[in-house]
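K.L.:
Structure: data_35.cif, mmCIF, N, CA and C atoms.
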```cif
data_my_file
#
loop_
_atom_site.group_PDB
_atom_site.id
_atom_site.type_symbol
_atom_site.label_atom_id
_atom_site.label_comp_id
_atom_site.auth_asym_id
_atom_site.auth_seq_id
_atom_site.Cartn_x
_atom_site.Cartn_y
_atom_site.Cartn_z
ATOM 1 N N MET B 1 -62.315 21.532 -34.619
ATOM 2 C CA MET B 1 -62.647 20.135 -34.463
ATOM 3 C C MET B 1 -61.388 19.367 -34.080
ATOM 4 N N GLY B 2 -61.498 18.406 -33.161
ATOM 5 C CA GLY B 2 -60.339 17.650 -32.713
ATOM 6 C C GLY B 2 -59.923 16.598 -33.725
ATOM 7 N N GLN B 3 -58.672 16.256 -33.696
ATOM 8 C CA GLN B 3 -58.136 15.254 -34.605
ATOM 9 C C GLN B 3 -58.264 13.881 -33.953
ATOM 10 N N ILE B 4 -58.684 12.900 -34.726
ATOM 11 C CA ILE B 4 -58.810 11.535 -34.224
ATOM 12 C C ILE B 4 -57.427 10.915 -34.213
ATOM 13 N N ARG B 5 -57.051 10.343 -33.082
ATOM 14 C CA ARG B 5 -55.737 9.707 -32.969
ATOM 15 C C ARG B 5 -55.914 8.207 -32.956
ATOM 16 N N LYS B 6 -55.104 7.546 -33.720
ATOM 17 C CA LYS B 6 -55.142 6.087 -33.797
ATOM 18 C C LYS B 6 -54.196 5.515 -32.760
ATOM 19 N N THR B 7 -54.693 4.581 -31.962
ATOM 20 C CA THR B 7 -53.854 3.930 -30.964
ATOM 21 C C THR B 7 -53.080 2.802 -31.624
ATOM 22 N N VAL B 8 -51.794 2.804 -31.464
ATOM 23 C CA VAL B 8 -50.942 1.764 -32.034
ATOM 24 C C VAL B 8 -50.287 1.012 -30.890
ATOM 25 N N MET B 9 -50.420 -0.316 -30.926
ATOM 26 C CA MET B 9 -49.804 -1.131 -29.884
ATOM 27 C C MET B 9 -48.309 -1.218 -30.136
ATOM 28 N N PRO B 10 -47.505 -1.056 -29.109
ATOM 29 C CA PRO B 10 -46.059 -1.182 -29.310
ATOM 30 C C PRO B 10 -45.702 -2.616 -29.688
ATOM 31 N N THR B 11 -44.703 -2.744 -30.523
ATOM 32 C CA THR B 11 -44.264 -4.072 -30.946
ATOM 33 C C THR B 11 -42.774 -4.205 -30.742
ATOM 34 N N ARG B 12 -42.355 -5.435 -30.465
ATOM 35 C CA ARG B 12 -40.919 -5.720 -30.407
ATOM 36 C C ARG B 12 -40.438 -5.947 -31.824
ATOM 37 N N ASP B 13 -39.216 -5.549 -32.107
ATOM 38 C CA ASP B 13 -38.672 -5.724 -33.449
ATOM 39 C C ASP B 13 -38.637 -7.179 -33.883
ATOM 40 N N ASP B 14 -38.478 -8.104 -32.931
ATOM 41 C CA ASP B 14 -38.387 -9.515 -33.304
ATOM 42 C C ASP B 14 -39.758 -10.135 -33.578
ATOM 43 N N THR B 15 -40.837 -9.370 -33.452
ATOM 44 C CA THR B 15 -42.165 -9.897 -33.783
ATOM 45 C C THR B 15 -42.675 -9.339 -35.104
ATOM 46 N N VAL B 16 -41.868 -8.509 -35.779
ATOM 47 C CA VAL B 16 -42.272 -7.909 -37.050
ATOM 48 C C VAL B 16 -41.413 -8.489 -38.167
ATOM 49 N N TRP B 17 -42.067 -8.994 -39.196
ATOM 50 C CA TRP B 17 -41.395 -9.630 -40.316
ATOM 51 C C TRP B 17 -41.777 -8.924 -41.612
ATOM 52 N N LYS B 18 -40.807 -8.689 -42.492
ATOM 53 C CA LYS B 18 -41.107 -8.265 -43.848
ATOM 54 C C LYS B 18 -41.668 -9.477 -44.573
ATOM 55 N N LEU B 19 -42.558 -9.250 -45.506
ATOM 56 C CA LEU B 19 -43.207 -10.357 -46.218
ATOM 57 C C LEU B 19 -42.196 -11.310 -46.837
ATOM 58 N N GLU B 20 -41.170 -10.782 -47.482
ATOM 59 C CA GLU B 20 -40.196 -11.670 -48.133
ATOM 60 C C GLU B 20 -39.436 -12.518 -47.114
ATOM 61 N N ASP B 21 -39.165 -11.961 -45.912
ATOM 62 C CA ASP B 21 -38.511 -12.738 -44.854
ATOM 63 C C ASP B 21 -39.462 -13.799 -44.296
ATOM 64 N N ALA B 22 -40.731 -13.421 -44.145
ATOM 65 C CA ALA B 22 -41.726 -14.366 -43.624
ATOM 66 C C ALA B 22 -41.878 -15.551 -44.574
ATOM 67 N N LYS B 23 -41.867 -15.293 -45.883
ATOM 68 C CA LYS B 23 -41.987 -16.387 -46.847
ATOM 69 C C LYS B 23 -40.750 -17.268 -46.820
ATOM 70 N N ALA B 24 -39.578 -16.658 -46.746
ATOM 71 C CA ALA B 24 -38.328 -17.419 -46.790
ATOM 72 C C ALA B 24 -38.113 -18.227 -45.519
ATOM 73 N N ARG B 25 -38.617 -17.742 -44.393
ATOM 74 C CA ARG B 25 -38.371 -18.398 -43.101
ATOM 75 C C ARG B 25 -39.689 -18.749 -42.410
ATOM 76 N N PHE B 26 -40.619 -19.279 -43.200
ATOM 77 C CA PHE B 26 -41.968 -19.534 -42.690
ATOM 78 C C PHE B 26 -41.991 -20.475 -41.491
ATOM 79 N N SER B 27 -41.186 -21.522 -41.521
ATOM 80 C CA SER B 27 -41.149 -22.469 -40.400
ATOM 81 C C SER B 27 -40.752 -21.760 -39.116
ATOM 82 N N GLU B 28 -39.769 -20.889 -39.196
ATOM 83 C CA GLU B 28 -39.335 -20.137 -38.019
ATOM 84 C C GLU B 28 -40.435 -19.178 -37.557
ATOM 85 N N LEU B 29 -41.119 -18.556 -38.512
ATOM 86 C CA LEU B 29 -42.239 -17.667 -38.179
ATOM 87 C C LEU B 29 -43.304 -18.412 -37.392
ATOM 88 N N VAL B 30 -43.647 -19.613 -37.847
ATOM 89 C CA VAL B 30 -44.663 -20.429 -37.166
ATOM 90 C C VAL B 30 -44.180 -20.827 -35.775
ATOM 91 N N ARG B 31 -42.925 -21.270 -35.664
ATOM 92 C CA ARG B 31 -42.388 -21.657 -34.346
ATOM 93 C C ARG B 31 -42.444 -20.478 -33.369
ATOM 94 N N GLN B 32 -42.068 -19.291 -33.834
ATOM 95 C CA GLN B 32 -42.081 -18.129 -32.949
ATOM 96 C C GLN B 32 -43.509 -17.730 -32.569
ATOM 97 N N ALA B 33 -44.449 -17.871 -33.491
ATOM 98 C CA ALA B 33 -45.847 -17.558 -33.171
ATOM 99 C C ALA B 33 -46.359 -18.487 -32.079
ATOM 100 N N CYS B 34 -45.964 -19.753 -32.129
ATOM 101 C CA CYS B 34 -46.394 -20.716 -31.108
ATOM 102 C C CYS B 34 -45.680 -20.497 -29.782
ATOM 103 N N ALA B 35 -44.411 -20.167 -29.833
ATOM 104 C CA ALA B 35 -43.614 -20.062 -28.604
ATOM 105 C C ALA B 35 -43.632 -18.672 -27.973
ATOM 106 N N GLU B 36 -43.640 -17.633 -28.793
ATOM 107 C CA GLU B 36 -43.452 -16.286 -28.271
ATOM 108 C C GLU B 36 -44.655 -15.371 -28.424
ATOM 109 N N GLY B 37 -45.642 -15.797 -29.197
ATOM 110 C CA GLY B 37 -46.821 -14.956 -29.364
ATOM 111 C C GLY B 37 -46.954 -14.429 -30.779
ATOM 112 N N PRO B 38 -47.912 -13.548 -30.989
ATOM 113 C CA PRO B 38 -48.234 -13.057 -32.328
ATOM 114 C C PRO B 38 -47.031 -12.488 -33.074
ATOM 115 N N GLN B 39 -46.973 -12.799 -34.367
ATOM 116 C CA GLN B 39 -45.911 -12.320 -35.249
ATOM 117 C C GLN B 39 -46.565 -11.474 -36.339
ATOM 118 N N ARG B 40 -46.153 -10.232 -36.461
ATOM 119 C CA ARG B 40 -46.713 -9.323 -37.458
ATOM 120 C C ARG B 40 -45.923 -9.411 -38.749
ATOM 121 N N VAL B 41 -46.641 -9.372 -39.885
ATOM 122 C CA VAL B 41 -46.011 -9.405 -41.195
ATOM 123 C C VAL B 41 -46.380 -8.110 -41.914
ATOM 124 N N THR B 42 -45.351 -7.453 -42.458
ATOM 125 C CA THR B 42 -45.580 -6.184 -43.145
ATOM 126 C C THR B 42 -45.439 -6.349 -44.652
ATOM 127 N N VAL B 43 -46.161 -5.526 -45.381
ATOM 128 C CA VAL B 43 -46.065 -5.444 -46.830
ATOM 129 C C VAL B 43 -45.824 -3.976 -47.165
ATOM 130 N N ARG B 44 -44.711 -3.711 -47.805
ATOM 131 C CA ARG B 44 -44.302 -2.345 -48.149
ATOM 132 C C ARG B 44 -44.291 -1.436 -46.921
ATOM 133 N N GLY B 45 -43.832 -1.978 -45.789
ATOM 134 C CA GLY B 45 -43.673 -1.200 -44.574
ATOM 135 C C GLY B 45 -44.926 -1.022 -43.736
ATOM 136 N N ARG B 46 -46.047 -1.557 -44.182
ATOM 137 C CA ARG B 46 -47.299 -1.430 -43.424
ATOM 138 C C ARG B 46 -47.750 -2.797 -42.941
ATOM 139 N N GLU B 47 -48.226 -2.862 -41.692
ATOM 140 C CA GLU B 47 -48.713 -4.132 -41.166
ATOM 141 C C GLU B 47 -49.834 -4.666 -42.040
ATOM 142 N N ALA B 48 -49.718 -5.954 -42.397
ATOM 143 C CA ALA B 48 -50.726 -6.569 -43.257
ATOM 144 C C ALA B 48 -51.488 -7.673 -42.532
ATOM 145 N N VAL B 49 -50.746 -8.570 -41.863
ATOM 146 C CA VAL B 49 -51.380 -9.689 -41.168
ATOM 147 C C VAL B 49 -50.625 -9.986 -39.881
ATOM 148 N N VAL B 50 -51.278 -10.775 -39.037
ATOM 149 C CA VAL B 50 -50.646 -11.246 -37.812
ATOM 150 C C VAL B 50 -50.791 -12.760 -37.777
ATOM 151 N N VAL B 51 -49.695 -13.454 -37.549
ATOM 152 C CA VAL B 51 -49.706 -14.911 -37.440
ATOM 153 C C VAL B 51 -49.752 -15.251 -35.958
ATOM 154 N N ILE B 52 -50.773 -16.041 -35.562
ATOM 155 C CA ILE B 52 -50.898 -16.441 -34.156
ATOM 156 C C ILE B 52 -51.064 -17.952 -34.075
ATOM 157 N N ALA B 53 -50.784 -18.494 -32.913
ATOM 158 C CA ALA B 53 -50.929 -19.930 -32.687
ATOM 159 C C ALA B 53 -52.416 -20.308 -32.721
ATOM 160 N N ALA B 54 -52.710 -21.527 -33.153
ATOM 161 C CA ALA B 54 -54.089 -22.003 -33.239
ATOM 162 C C ALA B 54 -54.775 -21.963 -31.868
ATOM 163 N N ASP B 55 -54.053 -22.331 -30.809
ATOM 164 C CA ASP B 55 -54.636 -22.283 -29.461
ATOM 165 C C ASP B 55 -55.048 -20.860 -29.091
ATOM 166 N N GLU B 56 -54.225 -19.890 -29.476
ATOM 167 C CA GLU B 56 -54.539 -18.487 -29.199
ATOM 168 C C GLU B 56 -55.769 -18.049 -29.986
ATOM 169 N N LEU B 57 -55.893 -18.495 -31.225
ATOM 170 C CA LEU B 57 -57.066 -18.169 -32.023
ATOM 171 C C LEU B 57 -58.326 -18.733 -31.383
ATOM 172 N N ARG B 58 -58.270 -20.001 -30.953
ATOM 173 C CA ARG B 58 -59.437 -20.609 -30.292
ATOM 174 C C ARG B 58 -59.823 -19.840 -29.032
ATOM 175 N N ARG B 59 -58.828 -19.338 -28.297
ATOM 176 C CA ARG B 59 -59.097 -18.575 -27.094
ATOM 177 C C ARG B 59 -59.789 -17.248 -27.418
ATOM 178 N N LEU B 60 -59.410 -16.657 -28.527
ATOM 179 C CA LEU B 60 -59.952 -15.349 -28.898
ATOM 180 C C LEU B 60 -61.339 -15.412 -29.538
ATOM 181 N N LEU B 61 -61.637 -16.505 -30.223
ATOM 182 C CA LEU B 61 -62.923 -16.633 -30.897
ATOM 183 C C LEU B 61 -64.031 -16.943 -29.907
ATOM 184 N N PRO B 62 -65.259 -16.490 -30.209
ATOM 185 C CA PRO B 62 -66.378 -16.847 -29.322
ATOM 186 C C PRO B 62 -66.618 -18.351 -29.379
ATOM 187 N N PRO B 63 -67.134 -18.919 -28.299
ATOM 188 C CA PRO B 63 -67.387 -20.365 -28.304
ATOM 189 C C PRO B 63 -68.412 -20.728 -29.372
ATOM 190 N N ALA B 64 -68.260 -21.931 -29.895
ATOM 191 C CA ALA B 64 -69.203 -22.409 -30.906
ATOM 192 C C ALA B 64 -70.594 -22.496 -30.290
ATOM 193 N N SER B 65 -71.575 -22.052 -31.033
ATOM 194 C CA SER B 65 -72.944 -22.077 -30.496
ATOM 195 C C SER B 65 -73.556 -23.453 -30.714
ATOM 196 N N ASP B 66 -74.618 -23.699 -30.001
ATOM 197 C CA ASP B 66 -75.350 -24.950 -30.150
ATOM 198 C C ASP B 66 -76.511 -24.746 -31.116
ATOM 199 N N ALA B 67 -76.305 -23.932 -32.134
ATOM 200 C CA ALA B 67 -77.355 -23.616 -33.093
ATOM 201 C C ALA B 67 -77.774 -24.874 -33.845
ATOM 202 N N VAL B 68 -79.065 -24.985 -34.038
ATOM 203 C CA VAL B 68 -79.635 -26.105 -34.776
ATOM 204 C C VAL B 68 -79.673 -25.714 -36.249
ATOM 205 N N PRO B 69 -79.281 -26.596 -37.155
ATOM 206 C CA PRO B 69 -79.387 -26.278 -38.579
ATOM 207 C C PRO B 69 -80.817 -25.878 -38.942
ATOM 208 N N PHE B 70 -80.957 -24.981 -39.907
ATOM 209 C CA PHE B 70 -82.260 -24.406 -40.242
ATOM 210 C C PHE B 70 -83.310 -25.463 -40.575
ATOM 211 N N VAL B 71 -82.966 -26.431 -41.413
ATOM 212 C CA VAL B 71 -83.942 -27.449 -41.811
ATOM 213 C C VAL B 71 -84.402 -28.244 -40.594
ATOM 214 N N ALA B 72 -83.480 -28.626 -39.723
ATOM 215 C CA ALA B 72 -83.861 -29.371 -38.517
ATOM 216 C C ALA B 72 -84.767 -28.521 -37.632
ATOM 217 N N PHE B 73 -84.488 -27.229 -37.535
ATOM 218 C CA PHE B 73 -85.341 -26.334 -36.744
ATOM 219 C C PHE B 73 -86.749 -26.293 -37.322
ATOM 220 N N MET B 74 -86.854 -26.113 -38.635
ATOM 221 C CA MET B 74 -88.179 -26.041 -39.259
ATOM 222 C C MET B 74 -88.949 -27.346 -39.079
ATOM 223 N N GLU B 75 -88.263 -28.475 -39.208
ATOM 224 C CA GLU B 75 -88.920 -29.763 -39.027
ATOM 225 C C GLU B 75 -89.385 -29.967 -37.590
ATOM 226 N N SER B 76 -88.700 -29.339 -36.655
ATOM 227 C CA SER B 76 -89.061 -29.514 -35.242
ATOM 228 C C SER B 76 -90.279 -28.690 -34.835
ATOM 229 N N LEU B 77 -90.786 -27.827 -35.687
ATOM 230 C CA LEU B 77 -91.914 -26.961 -35.334
ATOM 231 C C LEU B 77 -93.255 -27.686 -35.338
ATOM 232 N N SER B 78 -93.330 -28.867 -35.889
ATOM 233 C CA SER B 78 -94.567 -29.662 -35.929
ATOM 234 C C SER B 78 -95.726 -28.850 -36.483
ATOM 235 N N LEU B 79 -95.636 -28.459 -37.725
ATOM 236 C CA LEU B 79 -96.666 -27.652 -38.371
ATOM 237 C C LEU B 79 -97.557 -28.505 -39.269
ATOM 238 N N ASP B 80 -97.760 -29.764 -38.906
ATOM 239 C CA ASP B 80 -98.487 -30.699 -39.761
ATOM 240 C C ASP B 80 -99.901 -30.218 -40.091
ATOM 241 N N GLY B 81 -100.626 -29.627 -39.155
ATOM 242 C CA GLY B 81 -102.016 -29.237 -39.398
ATOM 243 C C GLY B 81 -102.171 -27.829 -39.951
ATOM 244 N N LEU B 82 -101.122 -27.136 -40.192
ATOM 245 C CA LEU B 82 -101.186 -25.747 -40.652
ATOM 246 C C LEU B 82 -101.500 -25.685 -42.143
ATOM 247 N N ASP B 83 -102.540 -24.906 -42.500
ATOM 248 C CA ASP B 83 -102.930 -24.748 -43.899
ATOM 249 C C ASP B 83 -102.094 -23.630 -44.514
ATOM 250 N N LEU B 84 -101.236 -23.978 -45.452
ATOM 251 C CA LEU B 84 -100.356 -23.005 -46.082
ATOM 252 C C LEU B 84 -100.779 -22.673 -47.511
ATOM 253 N N THR B 85 -102.024 -23.002 -47.878
ATOM 254 C CA THR B 85 -102.479 -22.673 -49.226
ATOM 255 C C THR B 85 -102.812 -21.192 -49.298
ATOM 256 N N ARG B 86 -102.719 -20.640 -50.500
ATOM 257 C CA ARG B 86 -103.051 -19.230 -50.687
ATOM 258 C C ARG B 86 -103.696 -19.055 -52.054
ATOM 259 N N ALA B 87 -104.352 -17.942 -52.186
ATOM 260 C CA ALA B 87 -105.026 -17.658 -53.450
ATOM 261 C C ALA B 87 -103.976 -17.431 -54.523
ATOM 262 N N PRO B 88 -104.270 -17.891 -55.748
ATOM 263 C CA PRO B 88 -103.297 -17.682 -56.823
ATOM 264 C C PRO B 88 -103.117 -16.184 -57.105
ATOM 265 N N ASP B 89 -101.914 -15.803 -57.406
ATOM 266 C CA ASP B 89 -101.603 -14.410 -57.712
ATOM 267 C C ASP B 89 -101.512 -14.289 -59.228
ATOM 268 N N THR B 90 -102.421 -13.532 -59.810
ATOM 269 C CA THR B 90 -102.438 -13.402 -61.263
ATOM 270 C C THR B 90 -101.776 -12.124 -61.735
ATOM 271 N N GLY B 91 -101.151 -11.417 -60.838
ATOM 272 C CA GLY B 91 -100.489 -10.174 -61.207
ATOM 273 C C GLY B 91 -101.440 -9.004 -61.111
ATOM 274 N N ARG B 92 -101.096 -7.924 -61.751
ATOM 275 C CA ARG B 92 -101.952 -6.730 -61.714
ATOM 276 C C ARG B 92 -102.050 -6.142 -63.116
ATOM 277 N N ASP B 93 -103.116 -5.428 -63.332
ATOM 278 C CA ASP B 93 -103.293 -4.748 -64.597
ATOM 279 C C ASP B 93 -102.535 -3.437 -64.576
ATOM 280 N N VAL B 94 -101.777 -3.166 -65.615
ATOM 281 C CA VAL B 94 -101.019 -1.929 -65.706
ATOM 282 C C VAL B 94 -101.623 -1.093 -66.816
ATOM 283 N N THR B 95 -101.938 0.136 -66.507
ATOM 284 C CA THR B 95 -102.472 1.051 -67.518
ATOM 285 C C THR B 95 -101.478 2.149 -67.798
ATOM 286 N N PHE B 96 -101.393 2.534 -69.076
ATOM 287 C CA PHE B 96 -100.475 3.592 -69.485
ATOM 288 C C PHE B 96 -101.235 4.816 -69.891
#
```
For the file at hand, write its structure as structure tokens.
P.N.:
Amino acid sequence: MGQIRKTVMPTRDDTVWKLEDAKARFSELVRQACAEGPQRVTVRGREAVVVIAADELRRLLPPASDAVPFVAFMESLSLDGLDLTRAPDTGRDVTF
């Protein structure tokens, strides 16, 4: 059976931050994310998060839908004449 290989994107050293450095120099981290692109933050040597500019996030996310809130949708169905009554449910008899 073949081994599954994980693709890892190459990173520049100046885009990778240790967590303690990212906390100590957060303003610089944010400036670099806005000016130079995504900044990776590692925890115990493993990538944990990526800090990106808000404009970049908006570009990556799908556009907001024009979805109608559920209640407004239900009210728009005009079901005024629909009979929604049902027979009472008295349960069932259980025998042992």
K.L.:
Just so the selection is clear, what residues does the PyMOL selection byres ((chain B and resi 31-39) around 5) cover here, as an NGL selection string?
P.N.:
:B and (15 or 27-30 or 40-41 or 50-53)
K.L.:
Please write the residues from the selection above to a file, keeping N, CA and C atoms, as a PDB file, keeping the file's coordinate frame.
P.N.:
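The resulting file, part_21.pdb, is reproduced below:
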```
ATOM      1  N   THR B  15     -40.837  -9.370 -33.452  1.00  0.00           N
ATOM      2  CA  THR B  15     -42.165  -9.897 -33.783  1.00  0.00           C
ATOM      3  C   THR B  15     -42.675  -9.339 -35.104  1.00  0.00           C
ATOM      4  N   SER B  27     -41.186 -21.522 -41.521  1.00  0.00           N
ATOM      5  CA  SER B  27     -41.149 -22.469 -40.400  1.00  0.00           C
ATOM      6  C   SER B  27     -40.752 -21.760 -39.116  1.00  0.00           C
ATOM      7  N   GLU B  28     -39.769 -20.889 -39.196  1.00  0.00           N
ATOM      8  CA  GLU B  28     -39.335 -20.137 -38.019  1.00  0.00           C
ATOM      9  C   GLU B  28     -40.435 -19.178 -37.557  1.00  0.00           C
ATOM     10  N   LEU B  29     -41.119 -18.556 -38.512  1.00  0.00           N
ATOM     11  CA  LEU B  29     -42.239 -17.667 -38.179  1.00  0.00           C
ATOM     12  C   LEU B  29     -43.304 -18.412 -37.392  1.00  0.00           C
ATOM     13  N   VAL B  30     -43.647 -19.613 -37.847  1.00  0.00           N
ATOM     14  CA  VAL B  30     -44.663 -20.429 -37.166  1.00  0.00           C
ATOM     15  C   VAL B  30     -44.180 -20.827 -35.775  1.00  0.00           C
ATOM     16  N   ARG B  40     -46.153 -10.232 -36.461  1.00  0.00           N
ATOM     17  CA  ARG B  40     -46.713  -9.323 -37.458  1.00  0.00           C
ATOM     18  C   ARG B  40     -45.923  -9.411 -38.749  1.00  0.00           C
ATOM     19  N   VAL B  41     -46.641  -9.372 -39.885  1.00  0.00           N
ATOM     20  CA  VAL B  41     -46.011  -9.405 -41.195  1.00  0.00           C
ATOM     21  C   VAL B  41     -46.380  -8.110 -41.914  1.00  0.00           C
ATOM     22  N   VAL B  50     -51.278 -10.775 -39.037  1.00  0.00           N
ATOM     23  CA  VAL B  50     -50.646 -11.246 -37.812  1.00  0.00           C
ATOM     24  C   VAL B  50     -50.791 -12.760 -37.777  1.00  0.00           C
ATOM     25  N   VAL B  51     -49.695 -13.454 -37.549  1.00  0.00           N
ATOM     26  CA  VAL B  51     -49.706 -14.911 -37.440  1.00  0.00           C
ATOM     27  C   VAL B  51     -49.752 -15.251 -35.958  1.00  0.00           C
ATOM     28  N   ILE B  52     -50.773 -16.041 -35.562  1.00  0.00           N
ATOM     29  CA  ILE B  52     -50.898 -16.441 -34.156  1.00  0.00           C
ATOM     30  C   ILE B  52     -51.064 -17.952 -34.075  1.00  0.00           C
ATOM     31  N   ALA B  53     -50.784 -18.494 -32.913  1.00  0.00           N
ATOM     32  CA  ALA B  53     -50.929 -19.930 -32.687  1.00  0.00           C
ATOM     33  C   ALA B  53     -52.416 -20.308 -32.721  1.00  0.00           C
TER      34      ALA B  53
END
```
K.L.:
With all atoms listed in the file as the basis for distance, which of B:Ala87, B:Glu75, B:Leu19, B:Leu60 is at the shortest distance from Arg44 in chain B?
P.N.:
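Comparing B:Ala87, B:Glu75, B:Leu19, B:Leu60 against Arg44 in chain B, the winner is B:Leu19.
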K.L.:
Per DSSP on the backbone, filter chain B down to the residues in helix (DSSP H, G or I) and report them as number ranges by chain.
P.N.:
B: 13-15, 19-24, 26-36, 54-60, 70-75
K.L.:
What is the distance, in Å and to one decimal place, between atom C of Thr42 in chain B and CA of Val16 in chain B?
P.N.:
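Between atom C of Thr42 in chain B and CA of Val16 in chain B the gap works out to 8.4 Å.
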K.L.:
Kindly give the distance, in Å, that separates atom C of Ala22 in chain B and atom C of Leu61 in chain B, rounded to a single decimal.
P.N.:
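Straight-line distance from atom C of Ala22 in chain B to atom C of Leu61 in chain B works out to 26.6 Å.
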K.L.:
I need the strand (DSSP E or B) residues of range 9-83 of chain B per DSSP on the backbone, written as JSON, numbers by chain.
P.N.:
{"B": [16, 17, 18, 39, 40, 41, 42, 43, 46, 47, 48, 49, 50, 51]}
K.L.:
Taking all atoms of range 12-21 of chain B that appear in the file, build a box with edges along x, y and z, extend it by 5 Å on every side, and state its centre and edge lengths in Å to one decimal, as lines of an AutoDock Vina configuration file.
P.N.:
```
center_x = -40.8
center_y = -9.6
center_z = -39.3
size_x = 14.8
size_y = 18.4
size_z = 27.7
```
K.L.:
CA of Pro62 in chain B and CA of Ser76 in chain B, how far apart in Å?
P.N.:
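Taking CA of Ser76 in chain B as the start and CA of Pro62 in chain B as the end point, the length is 26.6 Å.
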